file run.csv (CSV, C-alpha atoms)
chain,number,residue,atom,x,y,z
G,6,MET,CA,119.0,101.7,111.0
G,7,GLN,CA,116.0,103.8,112.2
G,8,VAL,CA,113.1,103.3,109.8
G,9,GLU,CA,110.4,105.1,111.8
G,10,GLU,CA,112.0,108.5,111.4
G,11,VAL,CA,111.3,109.7,107.8
G,12,LYS,CA,113.4,112.7,107.0
G,13,THR,CA,115.3,113.3,103.8
G,14,ALA,CA,117.2,116.1,102.1
G,15,PRO,CA,114.8,119.0,101.7
G,16,ILE,CA,114.1,120.8,98.5
G,17,ASP,CA,116.9,123.3,97.9
G,18,MET,CA,115.9,126.3,95.9
G,19,ARG,CA,119.5,126.8,94.7
G,20,PHE,CA,118.8,123.8,92.5
G,21,PRO,CA,115.2,124.3,91.2
G,22,GLY,CA,115.5,122.2,88.1
G,23,ALA,CA,115.1,118.5,87.5
G,24,ASN,CA,118.9,117.8,87.5
G,25,GLN,CA,120.0,117.4,91.1
G,26,ALA,CA,123.5,116.3,90.3
G,27,ARG,CA,124.9,119.7,91.4
G,28,HIS,CA,122.7,119.5,94.6
G,29,CYS,CA,124.3,116.1,95.5
G,30,TYR,CA,127.8,117.4,94.7
G,31,THR,CA,127.3,120.6,96.7
G,32,ARG,CA,126.1,118.7,99.8
G,33,TYR,CA,129.1,116.4,99.6
G,34,LEU,CA,131.4,119.4,99.4
G,35,GLU,CA,129.6,121.2,102.2
G,36,TYR,CA,130.0,118.1,104.4
G,37,HIS,CA,133.7,117.8,103.8
G,38,LYS,CA,134.3,121.6,104.3
G,39,CYS,CA,132.4,121.4,107.5
G,40,ILE,CA,134.5,118.4,108.7
G,41,GLU,CA,137.7,120.4,107.9
G,42,ALA,CA,136.4,123.4,109.8
G,43,LYS,CA,134.7,121.7,112.8
G,44,GLY,CA,135.9,118.1,112.9
G,45,LYS,CA,134.2,114.8,112.6
G,46,GLY,CA,131.1,113.8,114.5
G,47,VAL,CA,129.7,117.3,114.9
G,48,PRO,CA,125.8,117.3,114.5
G,49,GLU,CA,125.8,120.2,112.0
G,50,CYS,CA,128.1,118.3,109.7
G,51,GLU,CA,126.1,115.1,110.1
G,52,LYS,CA,123.1,116.9,108.7
G,53,PHE,CA,125.1,117.5,105.4
G,54,ALA,CA,126.2,113.9,105.5
G,55,ARG,CA,122.6,112.6,105.6
G,56,TYR,CA,121.7,115.0,102.8
G,57,TYR,CA,124.4,113.8,100.4
G,58,ARG,CA,123.8,110.2,101.3
G,59,SER,CA,120.1,110.6,100.4
G,60,LEU,CA,120.7,112.2,97.1
G,61,CYS,CA,123.9,110.7,95.7
G,62,PRO,CA,124.1,107.2,94.3
G,63,LEU,CA,126.4,105.0,96.2
G,64,GLU,CA,128.7,104.6,93.2
G,65,TRP,CA,129.3,108.3,93.1
G,66,ILE,CA,130.1,108.6,96.8
G,67,GLU,CA,132.5,105.6,96.6
G,68,ARG,CA,134.3,107.1,93.6
G,69,TRP,CA,134.6,110.5,95.2
G,70,ASN,CA,135.9,109.0,98.5
G,71,GLU,CA,138.5,107.0,96.6
G,72,GLN,CA,139.5,110.1,94.7
G,73,ARG,CA,139.9,112.0,97.9
G,74,GLU,CA,142.0,109.3,99.4
G,75,LEU,CA,144.3,109.2,96.4
G,76,GLY,CA,144.4,113.0,96.3
G,77,ILE,CA,142.9,113.3,92.9
G,78,PHE,CA,139.4,114.6,93.8
G,79,PRO,CA,138.7,117.4,91.3
G,80,GLY,CA,136.7,119.6,93.6
G,81,PRO,CA,137.7,122.2,96.2
G,82,VAL,CA,138.2,119.8,99.1
V,23,MET,CA,89.5,101.6,90.0
V,24,GLU,CA,86.9,99.0,89.2
V,25,ASN,CA,88.9,96.4,91.0
V,26,GLU,CA,89.0,98.6,94.1
V,27,PHE,CA,85.2,99.0,94.2
V,28,THR,CA,84.6,95.4,93.3
V,29,SER,CA,86.8,94.2,96.2
V,30,GLU,CA,85.1,96.7,98.6
V,31,ILE,CA,81.6,95.5,97.5
V,32,LEU,CA,82.6,91.8,97.8
V,33,LEU,CA,84.2,92.4,101.2
V,34,THR,CA,81.1,94.1,102.6
V,35,ARG,CA,78.9,91.4,101.1
V,36,LYS,CA,81.0,88.8,102.8
V,37,LYS,CA,80.7,90.5,106.2
V,38,THR,CA,76.9,91.1,106.0
V,39,GLU,CA,75.6,88.0,104.5
V,40,GLN,CA,77.6,84.9,105.2
V,41,SER,CA,75.4,82.6,103.1
V,42,LYS,CA,75.8,79.0,104.1
V,43,ASN,CA,74.5,77.8,100.7
V,44,GLU,CA,77.5,79.3,98.9
V,45,PRO,CA,79.9,76.5,98.1
V,46,LYS,CA,83.4,76.9,99.4
V,47,GLN,CA,84.9,76.6,95.9
V,48,MET,CA,83.1,79.8,94.9
V,49,ILE,CA,84.6,81.7,97.9
V,50,VAL,CA,88.0,80.4,97.1
V,51,LEU,CA,87.6,81.4,93.5
V,52,GLU,CA,86.4,84.9,94.4
V,53,TRP,CA,89.3,85.5,96.8
V,54,LEU,CA,91.7,84.1,94.2
V,55,PHE,CA,90.3,86.6,91.7
V,56,LEU,CA,90.7,89.5,94.1
V,57,THR,CA,94.3,88.7,95.0
V,58,ILE,CA,95.4,88.1,91.4
V,59,ALA,CA,93.3,90.4,89.4
V,60,PRO,CA,93.9,93.9,90.8
V,61,CYS,CA,97.0,95.3,89.1
V,62,ASP,CA,97.6,98.6,87.6
V,63,ALA,CA,99.2,97.2,84.5
V,64,ALA,CA,98.2,97.1,80.8
V,65,GLU,CA,95.2,95.0,79.9
V,66,PRO,CA,95.0,93.1,76.6
V,67,TRP,CA,93.4,95.2,73.9
V,68,GLN,CA,93.4,98.2,76.2
V,69,LEU,CA,92.5,101.5,74.6
V,70,GLY,CA,92.5,104.1,77.3
V,71,SER,CA,94.9,105.0,80.1
V,72,GLN,CA,95.6,102.9,83.1
V,73,ASP,CA,93.9,103.9,86.3
V,74,ALA,CA,95.4,106.9,88.0
V,75,ALA,CA,97.1,106.6,91.4
V,76,THR,CA,98.6,110.0,91.7
V,77,PRO,CA,97.2,113.5,91.2
V,78,MET,CA,99.6,114.0,88.3
V,79,MET,CA,98.1,111.1,86.4
V,80,GLN,CA,94.6,112.1,87.2
V,81,GLY,CA,95.5,115.6,85.8
V,82,ILE,CA,96.8,114.0,82.7
V,83,ILE,CA,93.7,111.9,82.2
V,84,ASP,CA,91.4,115.0,82.8
V,85,LEU,CA,93.5,117.0,80.3
V,86,HIS,CA,93.1,114.2,77.8
V,87,HIS,CA,89.3,114.3,78.2
V,88,ASP,CA,89.3,118.1,77.7
V,89,ILE,CA,91.3,117.9,74.5
V,90,PHE,CA,89.4,114.9,73.2
V,91,PHE,CA,86.2,116.8,73.4
V,92,PHE,CA,87.5,119.5,71.0
V,93,LEU,CA,89.2,116.9,68.9
V,94,ILE,CA,85.9,115.1,68.3
V,95,LEU,CA,84.2,118.4,67.6
V,96,ILE,CA,86.7,119.3,64.9
V,97,LEU,CA,86.8,115.8,63.5
V,98,VAL,CA,83.0,115.6,63.0
V,99,PHE,CA,82.9,119.1,61.6
V,100,VAL,CA,85.7,118.6,59.1
V,101,SER,CA,84.5,115.1,58.1
V,102,ARG,CA,81.0,116.3,57.4
V,103,ILE,CA,82.2,119.1,55.2
V,104,LEU,CA,84.6,116.8,53.4
V,105,VAL,CA,82.2,114.0,52.8
V,106,ARG,CA,79.4,116.4,51.8
V,107,ALA,CA,81.7,118.2,49.3
V,108,LEU,CA,82.8,114.9,47.8
V,109,TRP,CA,79.2,113.6,47.6
V,110,HIS,CA,77.9,116.7,45.9
V,111,PHE,CA,80.8,117.0,43.5
V,112,HIS,CA,79.4,114.2,41.2
V,113,TYR,CA,79.8,115.0,37.5
V,114,LYS,CA,76.2,113.9,36.7
V,115,LYS,CA,74.4,115.3,39.8
V,116,ASN,CA,76.1,118.7,39.6
V,117,PRO,CA,77.7,119.1,36.1
V,118,ILE,CA,78.4,122.9,36.6
V,119,PRO,CA,80.2,123.5,39.9
V,120,GLN,CA,80.1,126.9,41.5
V,121,ARG,CA,83.2,129.0,41.2
V,122,ILE,CA,83.4,130.9,44.5
V,123,VAL,CA,86.9,132.4,45.1
V,124,HIS,CA,86.2,134.9,47.8
V,125,GLY,CA,84.0,135.2,50.9
V,126,THR,CA,85.0,137.7,53.5
V,127,THR,CA,82.6,136.5,56.3
V,128,ILE,CA,83.6,132.9,56.0
V,129,GLU,CA,87.3,133.7,55.8
V,130,ILE,CA,87.1,135.8,59.0
V,131,LEU,CA,85.1,133.1,60.8
V,132,ARG,CA,87.4,130.3,59.7
V,133,THR,CA,90.4,132.2,61.0
V,134,ILE,CA,89.0,133.4,64.4
V,135,PHE,CA,87.3,130.1,65.3
V,136,PRO,CA,90.3,127.8,65.0
V,137,SER,CA,92.4,130.3,66.9
V,138,ILE,CA,90.0,130.2,69.9
V,139,ILE,CA,89.9,126.5,70.1
V,140,PRO,CA,93.7,126.1,70.9
V,141,MET,CA,93.2,128.7,73.7
V,142,PHE,CA,90.6,126.4,75.3
V,143,ILE,CA,93.1,123.6,75.0
V,144,ALA,CA,96.0,125.6,76.3
V,145,ILE,CA,94.4,126.8,79.5
V,146,PRO,CA,94.1,123.4,81.2
V,147,SER,CA,97.3,122.2,79.6
V,148,PHE,CA,99.4,125.0,81.0
V,149,ALA,CA,97.7,124.8,84.3
V,150,LEU,CA,98.8,121.1,84.6
V,151,LEU,CA,102.3,121.8,83.3
V,152,TYR,CA,103.0,124.5,85.8
V,153,SER,CA,101.3,122.7,88.7
V,154,MET,CA,103.9,119.9,88.1
V,155,ASP,CA,106.7,122.2,89.0
V,156,GLU,CA,105.1,123.7,92.1
V,157,VAL,CA,106.9,122.9,95.3
V,158,VAL,CA,104.2,122.0,97.7
V,159,VAL,CA,106.0,120.4,100.6
V,160,ASP,CA,109.4,118.8,101.2
V,161,PRO,CA,109.5,115.1,100.3
V,162,ALA,CA,109.5,112.6,103.1
V,163,ILE,CA,111.5,110.0,101.4
V,164,THR,CA,114.1,109.9,98.7
V,165,ILE,CA,114.5,106.8,96.6
V,166,LYS,CA,117.2,106.4,94.0
V,167,ALA,CA,116.4,104.4,90.9
V,168,ILE,CA,119.6,103.5,89.0
V,169,GLY,CA,119.3,101.9,85.6
V,170,HIS,CA,121.8,99.3,84.5
V,171,GLN,CA,122.0,97.0,81.5
V,172,TRP,CA,119.6,95.2,82.1
V,173,TYR,CA,118.3,95.5,85.6
V,174,ARG,CA,117.5,98.2,88.1
V,175,THR,CA,119.1,99.1,91.4
V,176,TYR,CA,117.1,100.9,94.1
V,177,GLU,CA,118.7,102.7,97.0
V,178,TYR,CA,116.9,103.9,100.1
V,179,SER,CA,119.6,105.9,101.8
V,180,ASP,CA,117.7,108.1,104.2
V,181,TYR,CA,118.6,105.8,107.0
V,182,ASN,CA,122.3,105.6,106.6
V,183,SER,CA,124.6,106.4,109.4
V,184,SER,CA,127.7,105.9,107.3
V,185,ASP,CA,128.7,105.8,103.7
V,186,GLU,CA,128.9,102.1,103.5
V,187,GLN,CA,125.5,101.3,105.0
V,188,SER,CA,122.7,101.6,102.5
V,189,LEU,CA,119.4,99.8,101.8
V,190,THR,CA,120.3,98.8,98.2
V,191,PHE,CA,118.8,96.0,96.2
V,192,ASP,CA,118.7,94.9,92.5
V,193,SER,CA,115.5,94.4,90.7
V,194,TYR,CA,115.6,91.8,87.9
V,195,THR,CA,112.7,90.7,85.7
V,196,ILE,CA,111.2,87.3,86.4
V,197,PRO,CA,111.8,85.2,83.3
V,198,GLU,CA,108.8,83.6,81.6
V,199,ASP,CA,109.7,80.1,82.7
V,200,ASP,CA,109.7,81.1,86.4
V,201,LEU,CA,106.3,82.9,86.4
V,202,GLU,CA,103.6,81.7,88.7
V,203,LEU,CA,99.9,81.6,87.9
V,204,GLY,CA,98.4,85.1,87.7
V,205,GLN,CA,101.7,87.0,87.2
V,206,SER,CA,102.1,89.2,84.2
V,207,ARG,CA,104.7,88.3,81.5
V,208,LEU,CA,107.5,90.8,81.1
V,209,LEU,CA,106.2,92.9,83.9
V,210,GLU,CA,107.1,91.1,87.1
V,211,VAL,CA,110.3,91.6,89.1
V,212,ASP,CA,111.9,89.7,92.0
V,213,ASN,CA,112.3,92.8,94.2
V,214,ARG,CA,109.7,95.5,94.1
V,215,VAL,CA,110.1,99.1,95.0
V,216,VAL,CA,108.1,99.4,98.3
V,217,VAL,CA,106.9,102.9,99.0
V,218,PRO,CA,104.5,104.3,101.5
V,219,ALA,CA,101.1,105.6,100.2
V,220,GLN,CA,99.9,109.1,100.9
V,221,THR,CA,103.5,110.3,101.3
V,222,HIS,CA,105.4,112.8,99.1
V,223,LEU,CA,108.3,110.9,97.5
V,224,ARG,CA,111.3,112.2,95.7
V,225,ILE,CA,112.6,109.7,93.1
V,226,ILE,CA,116.1,110.3,91.8
V,227,VAL,CA,116.6,108.6,88.5
V,228,THR,CA,120.0,108.0,87.0
V,229,SER,CA,121.9,105.4,85.1
V,230,ALA,CA,125.2,103.6,85.5
V,231,ASP,CA,125.8,102.9,81.9
V,232,VAL,CA,123.5,103.9,79.0
V,233,LEU,CA,120.2,105.8,78.7
V,234,HIS,CA,117.2,104.2,80.4
V,235,SER,CA,113.9,105.5,81.5
V,236,TRP,CA,111.9,105.0,84.7
V,237,ALA,CA,108.2,104.9,83.6
V,238,VAL,CA,105.1,103.9,85.5
V,239,PRO,CA,101.9,104.9,83.6
V,240,SER,CA,99.6,104.6,86.6
V,241,LEU,CA,101.7,107.0,88.5
V,242,GLY,CA,102.0,109.4,85.6
V,243,VAL,CA,105.8,109.2,85.7
V,244,LYS,CA,108.3,108.9,82.9
V,245,CYS,CA,111.8,110.1,83.8
V,246,ASP,CA,114.9,109.5,81.7
V,247,ALA,CA,117.9,107.9,83.4
V,248,VAL,CA,120.9,109.7,82.0
V,249,PRO,CA,124.4,108.7,83.2
V,250,GLY,CA,126.0,111.6,85.1
V,251,ARG,CA,122.6,113.3,85.8
V,252,LEU,CA,120.3,112.9,88.8
V,253,ASN,CA,116.8,113.5,87.5
V,254,GLN,CA,114.4,114.3,90.2
V,255,THR,CA,110.7,113.5,90.0
V,256,SER,CA,108.1,114.0,92.8
V,257,ILE,CA,105.2,111.6,93.2
V,258,LEU,CA,102.4,111.2,95.8
V,259,VAL,CA,100.8,107.8,95.5
V,260,GLN,CA,97.3,108.2,96.7
V,261,ARG,CA,96.2,104.6,97.0
V,262,GLU,CA,97.8,101.3,98.0
V,263,GLY,CA,98.4,98.9,95.2
V,264,VAL,CA,101.0,97.4,92.8
V,265,TYR,CA,101.9,99.5,89.8
V,266,TYR,CA,103.8,98.3,86.7
V,267,GLY,CA,105.9,100.0,84.2
V,268,GLN,CA,108.6,99.3,81.6
V,269,CYS,CA,111.9,100.7,80.5
V,270,SER,CA,111.1,103.6,78.1
V,271,GLU,CA,114.4,104.4,76.5
V,272,ILE,CA,116.2,101.9,74.2
V,273,CYS,CA,119.1,100.5,76.1
V,274,GLY,CA,120.3,97.4,74.2
V,275,THR,CA,119.2,93.9,73.6
V,276,ASN,CA,117.2,93.4,76.8
V,277,HIS,CA,115.5,96.8,76.8
V,278,ALA,CA,112.1,95.1,76.9
V,279,PHE,CA,113.1,92.9,79.9
V,280,MET,CA,113.7,95.4,82.6
V,281,PRO,CA,110.3,96.4,84.0
V,282,ILE,CA,109.5,98.4,87.1
V,283,VAL,CA,107.1,97.4,89.9
V,284,VAL,CA,106.1,99.9,92.5
V,285,GLU,CA,104.3,98.5,95.6
V,286,ALA,CA,102.5,101.2,97.6
V,287,VAL,CA,101.8,100.1,101.2
V,288,SER,CA,100.2,102.0,104.1
V,289,ARG,CA,102.5,104.2,106.1
V,290,LYS,CA,102.2,101.9,109.1
V,291,ASP,CA,103.3,98.9,107.2
V,292,TYR,CA,106.1,100.7,105.4
V,293,GLY,CA,108.4,100.6,108.3
V,294,SER,CA,108.0,96.9,109.0
V,295,ARG,CA,108.2,96.0,105.3
V,296,VAL,CA,111.5,97.9,104.9
V,297,SER,CA,113.0,96.4,108.0
V,298,ASN,CA,111.7,92.9,107.5
V,299,GLN,CA,111.9,92.4,103.8
V,300,LEU,CA,114.3,94.9,102.2
V,301,ILE,CA,117.1,95.0,104.8
V,302,PRO,CA,117.6,91.2,104.7
V,303,GLN,CA,117.7,91.5,100.9
V,304,THR,CA,120.4,94.1,101.1
V,305,ASN,CA,122.4,91.9,103.4
V,306,GLN,CA,121.9,88.9,101.1
V,307,ILE,CA,123.3,91.0,98.2
V,308,ALA,CA,126.1,92.3,100.4
V,309,GLU,CA,127.1,88.7,101.4
V,310,ALA,CA,126.9,87.4,97.8
call {"tool": "encode", "arguments": {"input": "run.csv", "output": "structure tokens"}}
result
Amino acid sequence: MQVEEVKTAPIDMRFPGANQARHCYTRYLEYHKCIEAKGKGVPECEKFARYYRSLCPLEWIERWNEQRELGIFPGPV
Amino acid sequence: MENEFTSEILLTRKKTEQSKNEPKQMIVLEWLFLTIAPCDAAEPWQLGSQDAATPMMQGIIDLHHDIFFFLILILVFVSRILVRALWHFHYKKNPIPQRIVHGTTIEILRTIFPSIIPMFIAIPSFALLYSMDEVVVDPAITIKAIGHQWYRTYEYSDYNSSDEQSLTFDSYTIPEDDLELGQSRLLEVDNRVVVPAQTHLRIIVTSADVLHSWAVPSLGVKCDAVPGRLNQTSILVQREGVYYGQCSEICGTNHAFMPIVVEAVSRKDYGSRVSNQLIPQTNQIAEA
């Protein structure tokens, strides 16, 4: 893990308020849509991955990953 | 603030005049005092705010001073009129009271004057309120503070290269029996939140079960932890130090026993602290 490089998800003006739950969810969806379109390991998609990992609690990510594996994810992925 | 200056003065004194006459016990005591005493936590019988460590808290304290001025003005004025009226309304001293029912001038003055005072209060208040929401610069680090019953989990996920890897650790309060000399009761935790000073931070506060609140008075932060919601708050800690806070939303039987301790270190030390201290903690928890 690289600790010297300090970069995190930037402020997104689509989500100006205090509640960033939608921001986290949107980044997660963007990553998986990017993966479907371009495939895994592409740097543009990794950017979205870093953003959603910074914002979303681990619990949420794990639950969503499980739902996707089981095919019961409620979002457009 | 006093402690910062005291430590600076004592340090310079130590460097310039190394008195050979000073007994070693005194030096030890002074250093002990300096290491134990400085803490941005509540003092016994404290009346005012804790010392500010962020521009937000400094703004809040300044606003408080602005409003307090007008408050005292009104308090003295109203008390004087009230006491004077009561004093002169004695049945023997003034048996025939005046019966004044109207007075156009005084009525106009007592309407206009009290409507101007809230304007003087509103101007700095709104200035502070809107400055809170101003986006100055992107944050450098995102830290997630997740409330549980009755402990906290902190996640530093900016360094992840996969979903599984994450710098996560739990922060439990230290029970009274395990406290060491100089530690504060009900305020100490085993794993502190280490943050770099002089850096814009984004704190995402949420909860895994019931409502909690992440509050640190010195940093001017109080952010409710709502399950299903990621509340974002921005802070810029201006000086290094250790800052204490407590859970500020009733969350069950141990609501008073889940404090918050934020340790701000220099940017240079932050990297080494995270890799040396926090990563092994994460691994310990992962193995357990």
call {"tool": "closest_atom_pairs", "arguments": {"input": "run.csv", "of": "chain G", "to": "chain V", "cutoff": "9 Å", "atoms": "all atoms listed in the file", "output": "Markdown table"}}
result
| residue | atom | partner | partner_atom | distance |
| --- | --- | --- | --- | --- |
| G:Met6 | CA | V:Tyr181 | CA | 5.7 |
| G:Gln7 | CA | V:Tyr181 | CA | 6.1 |
| G:Val8 | CA | V:Gly293 | CA | 5.6 |
| G:Glu9 | CA | V:Gly293 | CA | 6.0 |
| G:Glu10 | CA | V:Tyr181 | CA | 8.4 |
| G:Val11 | CA | V:Ala162 | CA | 5.8 |
| G:Lys12 | CA | V:Ala162 | CA | 5.5 |
| G:Thr13 | CA | V:Ile163 | CA | 5.6 |
| G:Ala14 | CA | V:Thr164 | CA | 7.7 |
| G:Pro15 | CA | V:Asp160 | CA | 5.4 |
| G:Ile16 | CA | V:Asp160 | CA | 5.8 |
| G:Gly22 | CA | V:Gln254 | CA | 8.2 |
| G:Ala23 | CA | V:Gln254 | CA | 5.0 |
| G:Asn24 | CA | V:Asn253 | CA | 4.8 |
| G:Gln25 | CA | V:Leu252 | CA | 5.1 |
| G:Ala26 | CA | V:Leu252 | CA | 4.9 |
| G:Arg27 | CA | V:Leu252 | CA | 8.6 |
| G:Cys29 | CA | V:Leu252 | CA | 8.4 |
| G:Glu51 | CA | V:Ser183 | CA | 8.9 |
| G:Ala54 | CA | V:Ser184 | CA | 8.3 |
| G:Arg55 | CA | V:Asp180 | CA | 6.8 |
| G:Tyr56 | CA | V:Asp180 | CA | 8.1 |
| G:Arg58 | CA | V:Ser179 | CA | 6.0 |
| G:Ser59 | CA | V:Ser179 | CA | 4.9 |
| G:Leu60 | CA | V:Thr164 | CA | 7.2 |
| G:Cys61 | CA | V:Leu252 | CA | 8.1 |
| G:Pro62 | CA | V:Lys166 | CA | 7.0 |
| G:Leu63 | CA | V:Asp185 | CA | 7.9 |
| G:Glu64 | CA | V:Ala230 | CA | 8.5 |
| G:Ile66 | CA | V:Asp185 | CA | 7.6 |
| G:Glu67 | CA | V:Asp185 | CA | 8.1 |
call {"tool": "atom_distance", "arguments": {"input": "run.csv", "atom1": "atom CA of Arg261 of chain V", "atom2": "atom CA of Gln220 of chain V"}}
result
7.0 Å
call {"tool": "atom_distance", "arguments": {"input": "run.csv", "atom1": "atom CA of Ala75 of chain V", "atom2": "atom CA of Thr195 of chain V"}}
result
23.0 Å
